[in-house]
Amino acid sequence: MDRPPSLARVKKEIETIASLGYKEMASQFPRDRSIIGFFCPYVPEELLHAAGSLPLRLMGTPIKMSHVQAHLPSNCCHLTKSSLESLLQGELDFLQGVIFSHTCDSMQGLSDIWARQRRFPIHFNLMIPAHLDSEHSRFYLKAEMERFKEFLESHLGKITPQRMKASIQLFNRIREKLGEIYDRRRKGVASLPGPFFAQVIRAGYLLDRERYLELLNEYLSVLPEKTEESENLIPVYLAGNMVHSESYFSLVEEAGAVVVQDDLCSGARTLRLRVSEDLDPMEALTRRYFTSFFCPTKHKGCRAHEETLLDDVEKSGARGVIFLLYKYCEPHYFDTPDLKAALESKGIPCLLLEVEDPSHSPGQLKLRLQAFVEMLSPI
Amino acid sequence: MPEHTRQPNPYREIESTRAYRRLMTAYYFMVKHPKWFGKKVAWITSGGPVEPLYAMGVLPFYPENYGAMCGAFRKSVPLCEAAEHKGYSRDLCSYALTDIGSSFTGKGPLGHLPKPDFLVCGNNICGTVIKWYEIQARAFNVPLFFLDTPFFHDQIHEHAVTYVEKQMEDYIAFLEKQTKRSFSEERFQQVCSRSFEAINLWKEILELSQQRPAPFAAFDAFIHMAPIVTLRGTIWAVRYYRKLKRELDERVRNGVGAFAREEIRLIWDNIPIWYDIRNLSKMLSSRGAVLVADTYTSAWSLDQIDSAQPLKALARAYATIHLNQGLEYKIQKISNLIERYAAHGLIMHSNRSCKPYSLGQHDLKRAVTQSTGKPALMIEADHTDSRSYAPAQVEKQIQIFLEIIKGRDQT
């Protein structure tokens, strides 16, 4: 007999997985399932899933750095350093492998350093082209996707067309449900605290994906209605180079704002990665990276980032934009000055917060956020 | 252990330097006044394919080369600060900050430079150039051609080389549109032939320093590399390197080295520290140490050139340069350099601005030391921005490093 949907039960499961460290997480997974790590949406999770593995996104942790200095200079971003530290401390030993995708120079360097550790039988570099605005790059990416598929099959077993179709459908449904959650949050018709919302997003990269879809469906059916308090929160747009984080969403809400939309690569940006279910699966998986999905490590024309962001911010109804950036991220820091200028020329105020994880000065961040939100508030 | 005594170690000036200065002065004069010569100007990355530009009569300008000049003239810091004042993070590449700062202040050594007609960017050196050139394309409101060269972590994938070849065809079409001229296969063959000759000459020049004593130090190569970067494809680069090679061949015949004393031979890894070349050279040479080879200048001795099909050959050559290959390749290359040049050790510049060069250096250092038995020293700096540099500390590190080598030699 199906249990009635329960907000409490959904919250407990989401909160549990989203707050576990890697070592505690390891015991949650079935022993006969391959767990494959990856860093970003340029890795097609659908293929990993169709190969029978559980794709687990490595999103950085507030780990104390003690080994990484022997391999990396200090001017690398949090994701790079903390992931390598986790590897070196043995926290990722439950993985069968990691898939790197070509994005920035730091990840490029990290991949080779990681490979030399020889911890896992599976290590693959998916060389997504940097130029995503050309027919030649589409052809090249298709060849890379085929190479990736062959690699997975040689290590994990045959990926049948049926399994590919099923995986594509599953991830499309997940994106649809996340889109609904975003929609209801933006329209303010549901009360969805920011920190828990961030956990919902993160859980989607850690849980068995079939179970995650069940949870999303259950959650949507029991979402509480908007409360009076949420009426007074100032809508803001969150741009940045980090994944959804409870602590930063919490800081934003404590300052009196609500994130109505974001372009974080763990969240709203991935909703643009819907895979066509009418095409050949490998063709469809390739083509979706040539749509409106944008990452600043890629070139889609000199104004692509500005155009994508401006359009998204205007549609979101946000009164201001918060750039939340981990230090030492070249792609984002090169783009930010012109992005800010473009937004401000349209009358959209911006705030740039440079952060580490864990934050070294949460008090200062809070003050700056409060001042910004106050500036956005109606007189 | 006593400090290895600093003693005078006369440096032998390269006579061809006079010709070098005339050549580069002429080049920068053309860069400042391209319209006087009826030239369109393209700003291009150092790893970008320049041969089609010269074949189409376009003058290439290299912001990185200019950044090196700014660093050498110690003018980079105020330009970086100007870019930072505009909102760019200090943690970004100092070549990029120097170029951005120079573009809107006009305060580099060449003053205000004429606006480029278009930009050409190849990411075989790094991903930073993509963002840098997008910024400049917006700032100047000019077209940008981007040549995407996928990185090779462990092996060269032929479908990636094919991808680069296809883009080279697009590059030619782009140049035809920008110059309103048809591409001449004959002219291109001529330019490529000169380019390949200059590359071979440069390679041979660098290899002369396998001799003992080395006739040409790496610090000389850092200066004399300018024509192979900026004038590759022209007859001037060929003539200059023929002249330089004649002079250096003569040195080899006479057993004359770049320095009077050469007791310790070293390899340099990464981009030079442009604002401290002279000082570093003295620091080393006064202790009998000479840099005989490096991983930077040899980046312009392209491998794998098949001159029968120049466009394809260029695609492969540019796709497979040093910086576009993974850590295992770099370890092997540096181990090989140490062996071929009979080096006693390796100095690695941990360059704050350059991640493709600097990430992996710790592992590289351990691997190379293990495979060759030679020690390595890592010094932290930045190639253009002297704010991140502590010369007294570096001198101490070098002193200790050379004492270790000398001590090992004696045992």
# chains A, B, ... in the order shown; residues from 1 in each chain; ligands from 1
>>> residues_around(residues="B:Ile334", least_positions_apart="3", cutoff="10 Å", atoms="only C-alpha atoms", output="list in words")
Ile267, Trp268, Asp269, Ala293, Asp294, Thr295, Tyr329, Lys330, Ile331, Leu337, Ile338, Glu339, Arg340, Leu346, Leu364, Lys365, Val368 and Thr372 of chain B
>>> write_last_selection(atoms="C-alpha atoms", output="PDB file, in the first residue's frame")
ATOM      1  CA  ILE B 267      67.078  23.707 -17.318  1.00  0.00           C
ATOM      2  CA  TRP B 268      64.331  26.327 -16.808  1.00  0.00           C
ATOM      3  CA  ASP B 269      60.649  25.458 -16.769  1.00  0.00           C
ATOM      4  CA  ALA B 293      67.671  25.044 -22.140  1.00  0.00           C
ATOM      5  CA  ASP B 294      64.068  25.698 -21.199  1.00  0.00           C
ATOM      6  CA  THR B 295      60.509  24.568 -21.942  1.00  0.00           C
ATOM      7  CA  TYR B 329      54.220  14.379 -21.801  1.00  0.00           C
ATOM      8  CA  LYS B 330      55.720  17.284 -19.860  1.00  0.00           C
ATOM      9  CA  ILE B 331      57.507  14.927 -17.448  1.00  0.00           C
ATOM     10  CA  LEU B 337      65.882  17.878 -21.869  1.00  0.00           C
ATOM     11  CA  ILE B 338      67.905  17.164 -18.732  1.00  0.00           C
ATOM     12  CA  GLU B 339      69.505  14.162 -20.372  1.00  0.00           C
ATOM     13  CA  ARG B 340      70.166  15.695 -23.803  1.00  0.00           C
ATOM     14  CA  LEU B 346      66.048  22.050 -12.999  1.00  0.00           C
ATOM     15  CA  LEU B 364      56.416  16.963 -12.264  1.00  0.00           C
ATOM     16  CA  LYS B 365      59.254  17.957  -9.931  1.00  0.00           C
ATOM     17  CA  VAL B 368      61.626  14.240 -12.958  1.00  0.00           C
ATOM     18  CA  THR B 372      66.795  11.606 -13.726  1.00  0.00           C
TER      19      THR B 372
END
>>> residues_around(residues="stretch 196-211 of chain A", least_positions_apart="5", cutoff="7 Å", atoms="only C-alpha atoms", output="VMD selection string")
chain A and resid 14 to 15 17 to 18 54 56 to 57 244 to 246 266 to 267
>>> interface_residues(of="chain A", to="chain B", cutoff="9 Å", atoms="only C-alpha atoms", output="ChimeraX atom specification")
/A:69-76,102-106,108-113,116,125,127-131,136-137,139-140,143-144,296-299,301-303,327-338
>>> write_last_selection(atoms="C-alpha atoms", output="mmCIF file, in the first residue's frame")
data_model
loop_
_atom_site.group_PDB
_atom_site.id
_atom_site.type_symbol
_atom_site.label_atom_id
_atom_site.label_comp_id
_atom_site.auth_asym_id
_atom_site.auth_seq_id
_atom_site.Cartn_x
_atom_site.Cartn_y
_atom_site.Cartn_z
ATOM 1 C CA GLN A 69 49.715 21.912 -1.019
ATOM 2 C CA ALA A 70 52.063 19.149 -2.183
ATOM 3 C CA HIS A 71 50.244 19.077 -5.528
ATOM 4 C CA LEU A 72 48.529 22.389 -6.231
ATOM 5 C CA PRO A 73 49.533 26.056 -5.948
ATOM 6 C CA SER A 74 47.390 28.086 -3.586
ATOM 7 C CA ASN A 75 45.649 30.077 -6.343
ATOM 8 C CA CYS A 76 43.258 27.322 -7.335
ATOM 9 C CA HIS A 102 37.103 19.906 -20.356
ATOM 10 C CA THR A 103 36.192 23.246 -18.853
ATOM 11 C CA CYS A 104 38.800 25.505 -17.248
ATOM 12 C CA ASP A 105 42.590 25.396 -16.886
ATOM 13 C CA SER A 106 42.334 24.366 -13.226
ATOM 14 C CA GLN A 108 42.493 20.484 -16.878
ATOM 15 C CA GLY A 109 45.511 20.485 -14.559
ATOM 16 C CA LEU A 110 43.634 18.696 -11.776
ATOM 17 C CA SER A 111 42.752 15.773 -14.037
ATOM 18 C CA ASP A 112 46.383 14.855 -14.702
ATOM 19 C CA ILE A 113 47.396 15.278 -11.058
ATOM 20 C CA ARG A 116 48.764 10.118 -11.240
ATOM 21 C CA ASN A 125 38.616 13.026 -19.859
ATOM 22 C CA MET A 127 36.978 16.735 -24.148
ATOM 23 C CA ILE A 128 33.983 18.980 -24.645
ATOM 24 C CA PRO A 129 34.966 21.570 -27.266
ATOM 25 C CA ALA A 130 35.575 25.104 -26.026
ATOM 26 C CA HIS A 131 33.860 26.458 -29.160
ATOM 27 C CA HIS A 136 32.653 21.405 -36.737
ATOM 28 C CA SER A 137 32.506 21.327 -32.958
ATOM 29 C CA PHE A 139 30.732 16.814 -35.246
ATOM 30 C CA TYR A 140 33.757 16.626 -32.969
ATOM 31 C CA ALA A 143 32.828 11.660 -31.821
ATOM 32 C CA GLU A 144 33.880 12.409 -28.230
ATOM 33 C CA PRO A 296 31.661 30.873 -19.208
ATOM 34 C CA THR A 297 34.438 28.346 -19.915
ATOM 35 C CA LYS A 298 32.990 28.032 -23.425
ATOM 36 C CA HIS A 299 32.838 30.406 -26.369
ATOM 37 C CA GLY A 301 30.167 34.438 -29.320
ATOM 38 C CA CYS A 302 31.633 37.449 -27.548
ATOM 39 C CA ARG A 303 28.399 38.581 -25.967
ATOM 40 C CA LYS A 327 38.276 33.025 -5.605
ATOM 41 C CA TYR A 328 40.673 32.117 -8.407
ATOM 42 C CA CYS A 329 38.092 31.382 -11.067
ATOM 43 C CA GLU A 330 39.382 32.866 -14.331
ATOM 44 C CA PRO A 331 36.308 32.353 -16.534
ATOM 45 C CA HIS A 332 33.979 34.116 -14.109
ATOM 46 C CA TYR A 333 36.330 36.867 -12.991
ATOM 47 C CA PHE A 334 37.156 37.821 -16.565
ATOM 48 C CA ASP A 335 33.467 38.132 -17.418
ATOM 49 C CA THR A 336 32.154 39.840 -14.292
ATOM 50 C CA PRO A 337 33.205 43.475 -14.943
ATOM 51 C CA ASP A 338 31.395 43.660 -18.296
#
>>> select_by_dssp(residues="stretch 106-300 of chain A", states="strand (DSSP E or B)", output="MDAnalysis selection string")
chainID A and resid 122:126 131 190 225 234:240 257:262 299
>>> atom_distance(atom1="atom CA of B:Leu23", atom2="atom CA of B:Leu201")
17.0 Å
>>> residues_around(residues="B:Thr45", least_positions_apart="6", cutoff="8 Å", atoms="only C-alpha atoms", output="list in words")
Tyr62, Pro63, Glu64, Val120, Cys121, Gly122 and Val129 of chain B
>>> write_last_selection(atoms="N, CA and C atoms", output="PDB file, in the first residue's frame")
ATOM      1  N   TYR B  62      51.228  40.650 -31.132  1.00  0.00           N
ATOM      2  CA  TYR B  62      51.057  39.673 -30.068  1.00  0.00           C
ATOM      3  C   TYR B  62      50.963  40.364 -28.711  1.00  0.00           C
ATOM      4  N   PRO B  63      49.775  40.475 -28.152  1.00  0.00           N
ATOM      5  CA  PRO B  63      49.643  41.064 -26.822  1.00  0.00           C
ATOM      6  C   PRO B  63      50.521  40.378 -25.761  1.00  0.00           C
ATOM      7  N   GLU B  64      50.763  39.069 -25.915  1.00  0.00           N
ATOM      8  CA  GLU B  64      51.614  38.407 -24.921  1.00  0.00           C
ATOM      9  C   GLU B  64      53.059  38.884 -25.047  1.00  0.00           C
ATOM     10  N   VAL B 120      42.580  37.056 -33.432  1.00  0.00           N
ATOM     11  CA  VAL B 120      42.680  35.609 -33.663  1.00  0.00           C
ATOM     12  C   VAL B 120      43.152  34.954 -32.372  1.00  0.00           C
ATOM     13  N   CYS B 121      42.360  34.011 -31.891  1.00  0.00           N
ATOM     14  CA  CYS B 121      42.650  33.421 -30.580  1.00  0.00           C
ATOM     15  C   CYS B 121      42.727  31.908 -30.703  1.00  0.00           C
ATOM     16  N   GLY B 122      43.811  31.331 -30.215  1.00  0.00           N
ATOM     17  CA  GLY B 122      43.934  29.871 -30.177  1.00  0.00           C
ATOM     18  C   GLY B 122      44.139  29.440 -28.746  1.00  0.00           C
ATOM     19  N   VAL B 129      42.883  32.789 -22.611  1.00  0.00           N
ATOM     20  CA  VAL B 129      42.871  33.622 -23.825  1.00  0.00           C
ATOM     21  C   VAL B 129      41.461  33.771 -24.398  1.00  0.00           C
TER      22      VAL B 129
END
>>> atom_distance(atom1="atom CA of B:Pro10", atom2="atom CA of B:Phe216")
13.7 Å
>>> atom_distance(atom1="atom CA of A:Gln169", atom2="atom CA of A:Lys149")
17.9 Å
>>> residues_around(residues="B:Tyr318", least_positions_apart="4", cutoff="9 Å", atoms="only C-alpha atoms", output="PyMOL selection string")
chain B and resi 47-49+122+124+149+164+302+313-314+324
>>> residues_around(residues="B:Val256", least_positions_apart="2", cutoff="8 Å", atoms="only C-alpha atoms", output="list in words")
Pro213, Ala214, Pro215, Arg251, Val252, Arg253, Asn254, Ala258 and Ala260 of chain B
>>> closest_residue(among="B:Thr369, B:Asn270, B:Thr105, B:Thr320", to="B:Thr297", atoms="only C-alpha atoms")
B:Asn270
>>> residues_around(residues="A:Leu309", least_positions_apart="3", cutoff="9 Å", atoms="only C-alpha atoms", output="mmCIF file with C-alpha atoms, in the first residue's frame")
data_model
loop_
_atom_site.group_PDB
_atom_site.id
_atom_site.type_symbol
_atom_site.label_atom_id
_atom_site.label_comp_id
_atom_site.auth_asym_id
_atom_site.auth_seq_id
_atom_site.Cartn_x
_atom_site.Cartn_y
_atom_site.Cartn_z
ATOM 1 C CA ALA A 239 24.959 34.284 -10.378
ATOM 2 C CA ASP A 263 22.568 30.571 -13.109
ATOM 3 C CA ALA A 304 26.819 35.212 -25.196
ATOM 4 C CA HIS A 305 27.295 35.437 -21.432
ATOM 5 C CA GLU A 306 25.940 38.971 -21.259
ATOM 6 C CA ASP A 312 17.432 35.505 -17.562
ATOM 7 C CA VAL A 313 17.573 38.303 -14.996
ATOM 8 C CA GLU A 314 14.855 40.300 -16.736
ATOM 9 C CA LEU A 339 28.419 41.713 -16.933
ATOM 10 C CA LEU A 343 23.288 44.953 -15.780
#
>>> residues_around(residues="A:Leu192", least_positions_apart="3", cutoff="12 Å", atoms="only C-alpha atoms", output="VMD selection string")
chain A and resid 7 11 181 to 189 195 to 200 219 to 220 222 to 227 229 to 230 249 to 250 253 258 to 260
>>> write_last_selection(atoms="C-alpha atoms", output="PDB file, in the first residue's frame")
ATOM      1  CA  LEU A   7       6.654  16.662   3.804  1.00  0.00           C
ATOM      2  CA  LYS A  11      12.640  16.665   4.193  1.00  0.00           C
ATOM      3  CA  ILE A 181       9.875  23.836  -8.101  1.00  0.00           C
ATOM      4  CA  TYR A 182      11.783  26.820  -9.478  1.00  0.00           C
ATOM      5  CA  ASP A 183       8.594  28.136 -11.029  1.00  0.00           C
ATOM      6  CA  ARG A 184       6.553  27.908  -7.881  1.00  0.00           C
ATOM      7  CA  ARG A 185       9.360  29.486  -5.871  1.00  0.00           C
ATOM      8  CA  ARG A 186       9.720  32.349  -8.337  1.00  0.00           C
ATOM      9  CA  LYS A 187       6.014  33.012  -8.494  1.00  0.00           C
ATOM     10  CA  GLY A 188       5.981  32.972  -4.728  1.00  0.00           C
ATOM     11  CA  VAL A 189       3.111  30.532  -4.639  1.00  0.00           C
ATOM     12  CA  PRO A 195      18.581  26.481   2.568  1.00  0.00           C
ATOM     13  CA  PHE A 196      16.270  23.520   2.045  1.00  0.00           C
ATOM     14  CA  PHE A 197      15.879  24.403  -1.623  1.00  0.00           C
ATOM     15  CA  ALA A 198      19.675  24.269  -1.930  1.00  0.00           C
ATOM     16  CA  GLN A 199      19.623  20.835  -0.287  1.00  0.00           C
ATOM     17  CA  VAL A 200      16.963  19.636  -2.730  1.00  0.00           C
ATOM     18  CA  TYR A 219       7.562  17.075  -2.452  1.00  0.00           C
ATOM     19  CA  LEU A 220       5.642  18.907  -5.158  1.00  0.00           C
ATOM     20  CA  VAL A 222       2.886  18.572  -0.424  1.00  0.00           C
ATOM     21  CA  LEU A 223       4.577  21.941  -0.986  1.00  0.00           C
ATOM     22  CA  PRO A 224       3.156  24.390   1.549  1.00  0.00           C
ATOM     23  CA  GLU A 225       1.516  27.531   0.271  1.00  0.00           C
ATOM     24  CA  LYS A 226       3.251  30.880   0.334  1.00  0.00           C
ATOM     25  CA  THR A 227       3.319  32.531   3.729  1.00  0.00           C
ATOM     26  CA  GLU A 229       6.628  36.477   5.585  1.00  0.00           C
ATOM     27  CA  SER A 230       7.759  35.506   2.107  1.00  0.00           C
ATOM     28  CA  PHE A 249      21.156  30.645   0.610  1.00  0.00           C
ATOM     29  CA  SER A 250      20.633  31.028   4.338  1.00  0.00           C
ATOM     30  CA  GLU A 253      17.416  34.993   3.260  1.00  0.00           C
ATOM     31  CA  VAL A 258      14.930  35.415  -1.718  1.00  0.00           C
ATOM     32  CA  VAL A 259      16.781  33.879  -4.654  1.00  0.00           C
ATOM     33  CA  VAL A 260      14.112  33.683  -7.348  1.00  0.00           C
TER      34      VAL A 260
END
>>> decode(residues="stretch 353-385 of chain B", atoms="C-alpha atoms", output="PDB file, in the first residue's frame")
ATOM      1  CA  SER B 353      49.572  33.777 -13.698  1.00  0.00           C
ATOM      2  CA  CYS B 354      49.828  30.625 -15.747  1.00  0.00           C
ATOM      3  CA  LYS B 355      47.898  27.537 -14.683  1.00  0.00           C
ATOM      4  CA  PRO B 356      48.614  25.348 -17.728  1.00  0.00           C
ATOM      5  CA  TYR B 357      52.318  25.714 -17.006  1.00  0.00           C
ATOM      6  CA  SER B 358      52.169  25.717 -13.240  1.00  0.00           C
ATOM      7  CA  LEU B 359      49.540  23.151 -12.264  1.00  0.00           C
ATOM      8  CA  GLY B 360      51.207  19.784 -11.974  1.00  0.00           C
ATOM      9  CA  GLN B 361      54.666  21.224 -11.330  1.00  0.00           C
ATOM     10  CA  HIS B 362      54.870  19.665  -7.858  1.00  0.00           C
ATOM     11  CA  ASP B 363      54.177  16.211  -9.307  1.00  0.00           C
ATOM     12  CA  LEU B 364      56.416  16.963 -12.264  1.00  0.00           C
ATOM     13  CA  LYS B 365      59.254  17.957  -9.931  1.00  0.00           C
ATOM     14  CA  ARG B 366      58.988  14.705  -7.996  1.00  0.00           C
ATOM     15  CA  ALA B 367      58.715  12.579 -11.149  1.00  0.00           C
ATOM     16  CA  VAL B 368      61.626  14.240 -12.958  1.00  0.00           C
ATOM     17  CA  THR B 369      63.867  14.101  -9.891  1.00  0.00           C
ATOM     18  CA  GLN B 370      63.066  10.436  -9.495  1.00  0.00           C
ATOM     19  CA  SER B 371      63.663   9.518 -13.136  1.00  0.00           C
ATOM     20  CA  THR B 372      66.795  11.606 -13.726  1.00  0.00           C
ATOM     21  CA  GLY B 373      68.310  11.741 -10.252  1.00  0.00           C
ATOM     22  CA  LYS B 374      68.735  15.482 -10.702  1.00  0.00           C
ATOM     23  CA  PRO B 375      67.450  17.977  -8.133  1.00  0.00           C
ATOM     24  CA  ALA B 376      64.820  20.610  -8.898  1.00  0.00           C
ATOM     25  CA  LEU B 377      64.118  23.987  -7.327  1.00  0.00           C
ATOM     26  CA  MET B 378      60.735  25.707  -7.422  1.00  0.00           C
ATOM     27  CA  ILE B 379      60.589  29.489  -7.175  1.00  0.00           C
ATOM     28  CA  GLU B 380      57.324  31.375  -6.833  1.00  0.00           C
ATOM     29  CA  ALA B 381      56.785  34.432  -8.942  1.00  0.00           C
ATOM     30  CA  ASP B 382      54.737  35.885 -11.769  1.00  0.00           C
ATOM     31  CA  HIS B 383      55.988  36.333 -15.307  1.00  0.00           C
ATOM     32  CA  THR B 384      55.031  39.999 -15.664  1.00  0.00           C
ATOM     33  CA  ASP B 385      53.708  41.318 -12.344  1.00  0.00           C
TER      34      ASP B 385
END
